[in-house]
>>> print(open('run39.pdb').read())   # PDB, C-alpha atoms
MODEL        1
ATOM      1  CA  MET A 968     -31.130   0.003  -3.421
ATOM      2  CA  THR A 969     -28.348   1.685  -1.470
ATOM      3  CA  LEU A 970     -28.060   5.088   0.137
ATOM      4  CA  GLU A 971     -25.777   6.153  -2.727
ATOM      5  CA  ASP A 972     -28.463   5.189  -5.250
ATOM      6  CA  ILE A 973     -31.078   7.261  -3.416
ATOM      7  CA  SER A 974     -28.978  10.347  -2.781
ATOM      8  CA  GLY A 975     -27.093  10.238  -6.078
ATOM      9  CA  THR A 976     -23.776  10.616  -4.318
ATOM     10  CA  ASP A 977     -20.891   8.260  -3.995
ATOM     11  CA  ASN A 978     -19.535   8.365  -0.457
ATOM     12  CA  THR A 979     -16.576   6.140  -1.348
ATOM     13  CA  SER A 980     -15.105   8.761  -3.665
ATOM     14  CA  LYS A 981     -15.177  11.264  -0.818
ATOM     15  CA  LYS A 982     -13.250   8.783   1.313
ATOM     16  CA  MET A 983     -10.805   7.901  -1.475
ATOM     17  CA  GLN A 984      -9.539  11.406  -2.151
ATOM     18  CA  PRO A 985      -7.924  11.923   1.239
ATOM     19  CA  ILE A 986      -6.636   8.363   1.474
ATOM     20  CA  ASP A 987      -4.800   8.453  -1.855
ATOM     21  CA  GLN A 988      -3.075  11.667  -0.817
ATOM     22  CA  ALA A 989      -2.277  10.200   2.612
ATOM     23  CA  LEU A 990      -0.760   7.137   0.915
ATOM     24  CA  GLU A 991       1.382   9.308  -1.340
ATOM     25  CA  ASP A 992       2.553  11.393   1.636
ATOM     26  CA  LEU A 993       3.276   8.240   3.613
ATOM     27  CA  LEU A 994       5.316   6.626   0.843
ATOM     28  CA  VAL A 995       7.449   9.715   0.281
ATOM     29  CA  ALA A 996       8.058  10.163   4.022
ATOM     30  CA  ALA A 997       8.822   6.465   4.534
ATOM     31  CA  GLN A 998      11.334   6.508   1.681
ATOM     32  CA  GLN A 999      13.027   9.629   3.054
ATOM     33  CA  GLN A1000      13.247   8.106   6.553
ATOM     34  CA  GLY A1001      14.473   4.722   5.304
ATOM     35  CA  TYR A1002      11.284   2.914   6.380
ATOM     36  CA  LEU A1003      10.261   1.709   2.922
ATOM     37  CA  THR A1004      11.120  -1.652   1.394
ATOM     38  CA  VAL A1005      10.371  -1.926  -2.318
ATOM     39  CA  GLY A1006      10.026  -5.159  -4.299
ATOM     40  CA  VAL A1007       8.281  -8.500  -3.923
ATOM     41  CA  TYR A1008      11.414 -10.483  -3.077
ATOM     42  CA  GLU A1009      12.888  -7.792  -0.812
ATOM     43  CA  SER A1010       9.567  -7.576   1.032
ATOM     44  CA  ALA A1011       9.317 -11.348   1.433
ATOM     45  CA  LYS A1012      12.847 -11.457   2.875
ATOM     46  CA  LEU A1013      12.075  -8.689   5.373
ATOM     47  CA  MET A1014       8.814 -10.299   6.482
ATOM     48  CA  ASN A1015      10.659 -13.573   7.011
ATOM     49  CA  VAL A1016      13.385 -11.930   9.125
ATOM     50  CA  ASP A1017      11.480  -9.246  11.045
ATOM     51  CA  PRO A1018       7.685  -9.331  10.570
ATOM     52  CA  ASP A1019       7.099  -7.300  13.751
ATOM     53  CA  SER A1020       8.679  -4.219  12.143
ATOM     54  CA  VAL A1021       6.187  -4.180   9.245
ATOM     55  CA  VAL A1022       3.203  -1.860   9.792
ATOM     56  CA  LEU A1023       1.776  -1.651   6.275
ATOM     57  CA  CYS A1024       1.929  -3.727   3.098
ATOM     58  CA  LEU A1025       1.090  -2.164  -0.252
ATOM     59  CA  LEU A1026       0.399  -4.425  -3.229
ATOM     60  CA  ALA A1027       0.331  -2.557  -6.532
ATOM     61  CA  ALA A1028      -0.980  -3.898  -9.821
ATOM     62  CA  ASP A1029      -2.627  -2.382 -12.845
ATOM     63  CA  GLU A1030      -4.975  -4.089 -15.289
ATOM     64  CA  GLU A1031      -2.088  -5.395 -17.405
ATOM     65  CA  ASP A1032      -0.671  -7.156 -14.311
ATOM     66  CA  GLU A1033      -3.877  -9.098 -13.622
ATOM     67  CA  GLY A1034      -2.812 -11.870 -16.020
ATOM     68  CA  ASP A1035       0.577 -12.360 -14.338
ATOM     69  CA  ILE A1036      -0.052 -15.620 -12.471
ATOM     70  CA  ALA A1037       3.293 -15.577 -10.641
ATOM     71  CA  LEU A1038       2.595 -12.067  -9.326
ATOM     72  CA  GLN A1039      -0.903 -13.063  -8.201
ATOM     73  CA  ILE A1040       0.525 -16.079  -6.345
ATOM     74  CA  HIS A1041       3.045 -13.809  -4.608
ATOM     75  CA  PHE A1042       0.228 -11.418  -3.673
ATOM     76  CA  THR A1043      -1.870 -14.257  -2.254
ATOM     77  CA  LEU A1044       1.005 -15.537  -0.117
ATOM     78  CA  ILE A1045       1.948 -12.044   1.082
ATOM     79  CA  GLN A1046      -1.679 -11.216   1.942
ATOM     80  CA  ALA A1047      -2.022 -14.450   3.913
ATOM     81  CA  PHE A1048       1.167 -13.708   5.832
ATOM     82  CA  CYS A1049       0.035 -10.140   6.559
ATOM     83  CA  CYS A1050      -3.388 -11.284   7.786
ATOM     84  CA  GLU A1051      -1.770 -13.864  10.046
ATOM     85  CA  ASN A1052       0.586 -11.234  11.493
ATOM     86  CA  ASP A1053      -1.947  -8.371  11.827
ATOM     87  CA  ILE A1054      -0.247  -6.235   9.185
ATOM     88  CA  ASN A1055      -2.453  -3.705   7.372
ATOM     89  CA  ILE A1056      -2.709  -4.289   3.625
ATOM     90  CA  VAL A1057      -3.793  -1.958   0.821
ATOM     91  CA  ARG A1058      -4.033  -2.871  -2.851
ATOM     92  CA  LEU A1059      -3.075  -0.057  -5.197
ATOM     93  CA  ARG A1060      -3.742   0.815  -8.798
ATOM     94  CA  GLY A1061      -1.349   3.252 -10.435
ATOM     95  CA  VAL A1062       2.109   1.694 -10.707
ATOM     96  CA  LYS A1063       3.313   4.564 -12.936
ATOM     97  CA  ARG A1064       2.336   7.065 -10.245
ATOM     98  CA  LEU A1065       4.323   5.055  -7.700
ATOM     99  CA  GLU A1066       7.345   5.154  -9.990
ATOM    100  CA  GLU A1067       6.988   8.943 -10.264
ATOM    101  CA  LEU A1068       6.619   9.367  -6.515
ATOM    102  CA  LEU A1069       9.494   7.142  -5.530
ATOM    103  CA  GLU A1070      12.022   7.789  -8.267
ATOM    104  CA  THR A1071      15.516   7.946  -6.836
ATOM    105  CA  GLY A1072      16.968  10.320  -9.393
ATOM    106  CA  ASP A1073      19.668   7.757 -10.224
ATOM    107  CA  GLU A1074      19.169   7.109 -13.927
ATOM    108  CA  THR A1075      21.844   4.385 -13.954
ATOM    109  CA  ALA A1076      20.017   2.285 -11.352
ATOM    110  CA  GLU A1077      17.883  -0.666 -12.415
ATOM    111  CA  PRO A1078      14.138  -0.043 -12.323
ATOM    112  CA  ARG A1079      12.596  -1.123  -9.032
ATOM    113  CA  ASP A1080       9.760  -3.603  -8.688
ATOM    114  CA  MET A1081       6.891  -1.428  -7.446
ATOM    115  CA  HIS A1082       4.430  -4.310  -7.054
ATOM    116  CA  CYS A1083       5.026  -4.783  -3.344
ATOM    117  CA  MET A1084       6.137  -2.257  -0.748
ATOM    118  CA  LEU A1085       6.407  -2.468   3.006
ATOM    119  CA  VAL A1086       6.365   0.414   5.434
ATOM    120  CA  THR A1087       8.291  -0.464   8.561
ATOM    121  CA  ASN A1088       8.653   1.064  11.972
ATOM    122  CA  SER A1089      11.806   0.396  13.937
ATOM    123  CA  HIS A1090      11.463  -1.203  17.352
ATOM    124  CA  SER A1091      13.805   1.249  19.050
ATOM    125  CA  ASP A1092      12.688   4.499  17.408
ATOM    126  CA  VAL A1093       8.911   4.698  16.995
ATOM    127  CA  TRP A1094       8.167   6.716  13.868
ATOM    128  CA  LYS A1095       5.258   9.114  14.209
ATOM    129  CA  CYS A1096       3.582   9.960  10.921
ATOM    130  CA  GLU A1097       0.103  11.429  10.556
ATOM    131  CA  ALA A1098      -0.315   9.845   7.115
ATOM    132  CA  LEU A1099       0.509   6.410   8.580
ATOM    133  CA  GLU A1100      -2.185   6.894  11.214
ATOM    134  CA  GLU A1101      -4.708   7.933   8.535
ATOM    135  CA  VAL A1102      -3.942   4.888   6.407
ATOM    136  CA  GLY A1103      -4.117   2.621   9.470
ATOM    137  CA  SER A1104      -7.530   4.050  10.367
ATOM    138  CA  TYR A1105      -8.690   3.553   6.789
ATOM    139  CA  CYS A1106      -7.594  -0.113   6.878
ATOM    140  CA  GLU A1107      -9.350  -0.654  10.212
ATOM    141  CA  GLU A1108     -12.533   0.987   8.911
ATOM    142  CA  SER A1109     -12.393  -1.220   5.808
ATOM    143  CA  ARG A1110     -12.059  -4.365   7.943
ATOM    144  CA  ASN A1111     -15.082  -3.274   9.981
ATOM    145  CA  LYS A1112     -17.017  -3.242   6.689
ATOM    146  CA  ASN A1113     -15.687  -6.746   5.894
ATOM    147  CA  GLN A1114     -13.436  -5.365   3.179
ATOM    148  CA  TRP A1115     -10.181  -6.923   4.356
ATOM    149  CA  VAL A1116      -7.941  -5.626   1.579
ATOM    150  CA  PRO A1117      -9.116  -2.223   0.347
ATOM    151  CA  THR A1118      -8.097  -1.009  -3.124
ATOM    152  CA  VAL A1119      -6.992   2.579  -3.739
ATOM    153  CA  SER A1120      -6.240   4.158  -7.126
ATOM    154  CA  LEU A1121      -3.415   6.664  -7.357
ATOM    155  CA  GLN A1122      -3.977   9.281 -10.030
ATOM    156  CA  GLU A1123      -1.168  10.298 -12.375
ATOM    157  CA  ARG A1124      -0.286  13.953 -12.139
TER     158      ARG A1124
ENDMDL
END
>>> encode(input="run39.pdb", output="structure tokens")
Amino acid sequence: MTLEDISGTDNTSKKMQPIDQALEDLLVAAQQQGYLTVGVYESAKLMNVDPDSVVLCLLAADEEDEGDIALQIHFTLIQAFCCENDINIVRLRGVKRLEELLETGDETAEPRDMHCMLVTNSHSDVWKCEALEEVGSYCEESRNKNQWVPTVSLQER
């Protein structure tokens, strides 16, 4: 029996509310500042060229993506690389919400692959972002609980 069972409360949901909002704020700010790389292949290229600039990796998949073996292999390789290079990782549910958040407004552009995103921080100009600090603290707290890759669900609005 856990503390949640005894008290009838779920402490994780209290933690998840602020972190999903912090993630949304972070993604919007990173996109506006040019610190967001979107797409599995684009992310892999960046991590190969400049892994030290990557501060956060977001892997997004919904239930319908769970059967995509190629995507799961990419996720496994990316997670291994991130762990080896001390890059924070968060798994996300809510690909449609990501599309809403990060739409470019260019209807003629091809749809972007929202399954993998990297938040970077330039070496010369350190980007200060409160949401990035919150997400980093959340990842560190999750690792302390032996949850190396936490999962967060983004709610459609």
>>> resolve_selection(input="run39.pdb", expression="the PyMOL selection byres ((chain A and resi 1038-1048) around 10)", output="PDB file with C-alpha atoms, in the frame of the given file")
ATOM      1  CA  VAL A1007       8.281  -8.500  -3.923  1.00  0.00           C
ATOM      2  CA  TYR A1008      11.414 -10.483  -3.077  1.00  0.00           C
ATOM      3  CA  SER A1010       9.567  -7.576   1.032  1.00  0.00           C
ATOM      4  CA  ALA A1011       9.317 -11.348   1.433  1.00  0.00           C
ATOM      5  CA  MET A1014       8.814 -10.299   6.482  1.00  0.00           C
ATOM      6  CA  ASN A1015      10.659 -13.573   7.011  1.00  0.00           C
ATOM      7  CA  PRO A1018       7.685  -9.331  10.570  1.00  0.00           C
ATOM      8  CA  CYS A1024       1.929  -3.727   3.098  1.00  0.00           C
ATOM      9  CA  LEU A1025       1.090  -2.164  -0.252  1.00  0.00           C
ATOM     10  CA  LEU A1026       0.399  -4.425  -3.229  1.00  0.00           C
ATOM     11  CA  ALA A1027       0.331  -2.557  -6.532  1.00  0.00           C
ATOM     12  CA  ALA A1028      -0.980  -3.898  -9.821  1.00  0.00           C
ATOM     13  CA  ASP A1032      -0.671  -7.156 -14.311  1.00  0.00           C
ATOM     14  CA  GLU A1033      -3.877  -9.098 -13.622  1.00  0.00           C
ATOM     15  CA  GLY A1034      -2.812 -11.870 -16.020  1.00  0.00           C
ATOM     16  CA  ASP A1035       0.577 -12.360 -14.338  1.00  0.00           C
ATOM     17  CA  ILE A1036      -0.052 -15.620 -12.471  1.00  0.00           C
ATOM     18  CA  ALA A1037       3.293 -15.577 -10.641  1.00  0.00           C
ATOM     19  CA  CYS A1049       0.035 -10.140   6.559  1.00  0.00           C
ATOM     20  CA  CYS A1050      -3.388 -11.284   7.786  1.00  0.00           C
ATOM     21  CA  GLU A1051      -1.770 -13.864  10.046  1.00  0.00           C
ATOM     22  CA  ASN A1052       0.586 -11.234  11.493  1.00  0.00           C
ATOM     23  CA  ASP A1053      -1.947  -8.371  11.827  1.00  0.00           C
ATOM     24  CA  ILE A1054      -0.247  -6.235   9.185  1.00  0.00           C
ATOM     25  CA  ASN A1055      -2.453  -3.705   7.372  1.00  0.00           C
ATOM     26  CA  ILE A1056      -2.709  -4.289   3.625  1.00  0.00           C
ATOM     27  CA  VAL A1057      -3.793  -1.958   0.821  1.00  0.00           C
ATOM     28  CA  ARG A1058      -4.033  -2.871  -2.851  1.00  0.00           C
ATOM     29  CA  HIS A1082       4.430  -4.310  -7.054  1.00  0.00           C
ATOM     30  CA  CYS A1083       5.026  -4.783  -3.344  1.00  0.00           C
ATOM     31  CA  TRP A1115     -10.181  -6.923   4.356  1.00  0.00           C
ATOM     32  CA  VAL A1116      -7.941  -5.626   1.579  1.00  0.00           C
TER      33      VAL A1116
END
>>> atom_distance(input="run39.pdb", atom1="atom CA of Ala996 of chain A", atom2="atom CA of Cys1096 of chain A")
8.2 Å
>>> resolve_selection(input="run39.pdb", expression="the PyMOL selection byres ((chain A and resi 1062) around 8)", output="ChimeraX atom specification")
/A:1027-1029,1059-1061,1063-1066,1081-1082
>>> atom_distance(input="run39.pdb", atom1="atom CA of Leu993 of chain A", atom2="atom CA of Glu1097 of chain A")
8.3 Å
>>> resolve_selection(input="run39.pdb", expression="the PyMOL selection byres ((chain A and resi 997) around 10)", output="ChimeraX atom specification")
/A:991-996,998-1004,1085-1088,1094,1096,1099
>>> atom_distance(input="run39.pdb", atom1="atom CA of Leu1121 of chain A", atom2="atom CA of Glu1077 of chain A")
23.1 Å
>>> closest_residue(input="run39.pdb", among="A:Arg1079, A:Glu1107, A:Lys1012, A:Ala1098", to="Pro985 of chain A", atoms="only C-alpha atoms")
A:Ala1098
>>> residues_around(input="run39.pdb", residues="Ile986 of chain A", least_positions_apart="6", cutoff="8 Å", atoms="only C-alpha atoms", output="PyMOL selection string")
chain A and resi 1101-1102+1105+1119
>>> closest_residue(input="run39.pdb", among="A:Met1084, A:Leu1023, A:Leu1013, A:Leu1068", to="Gly1103 of chain A", atoms="all atoms listed in the file")
A:Leu1023
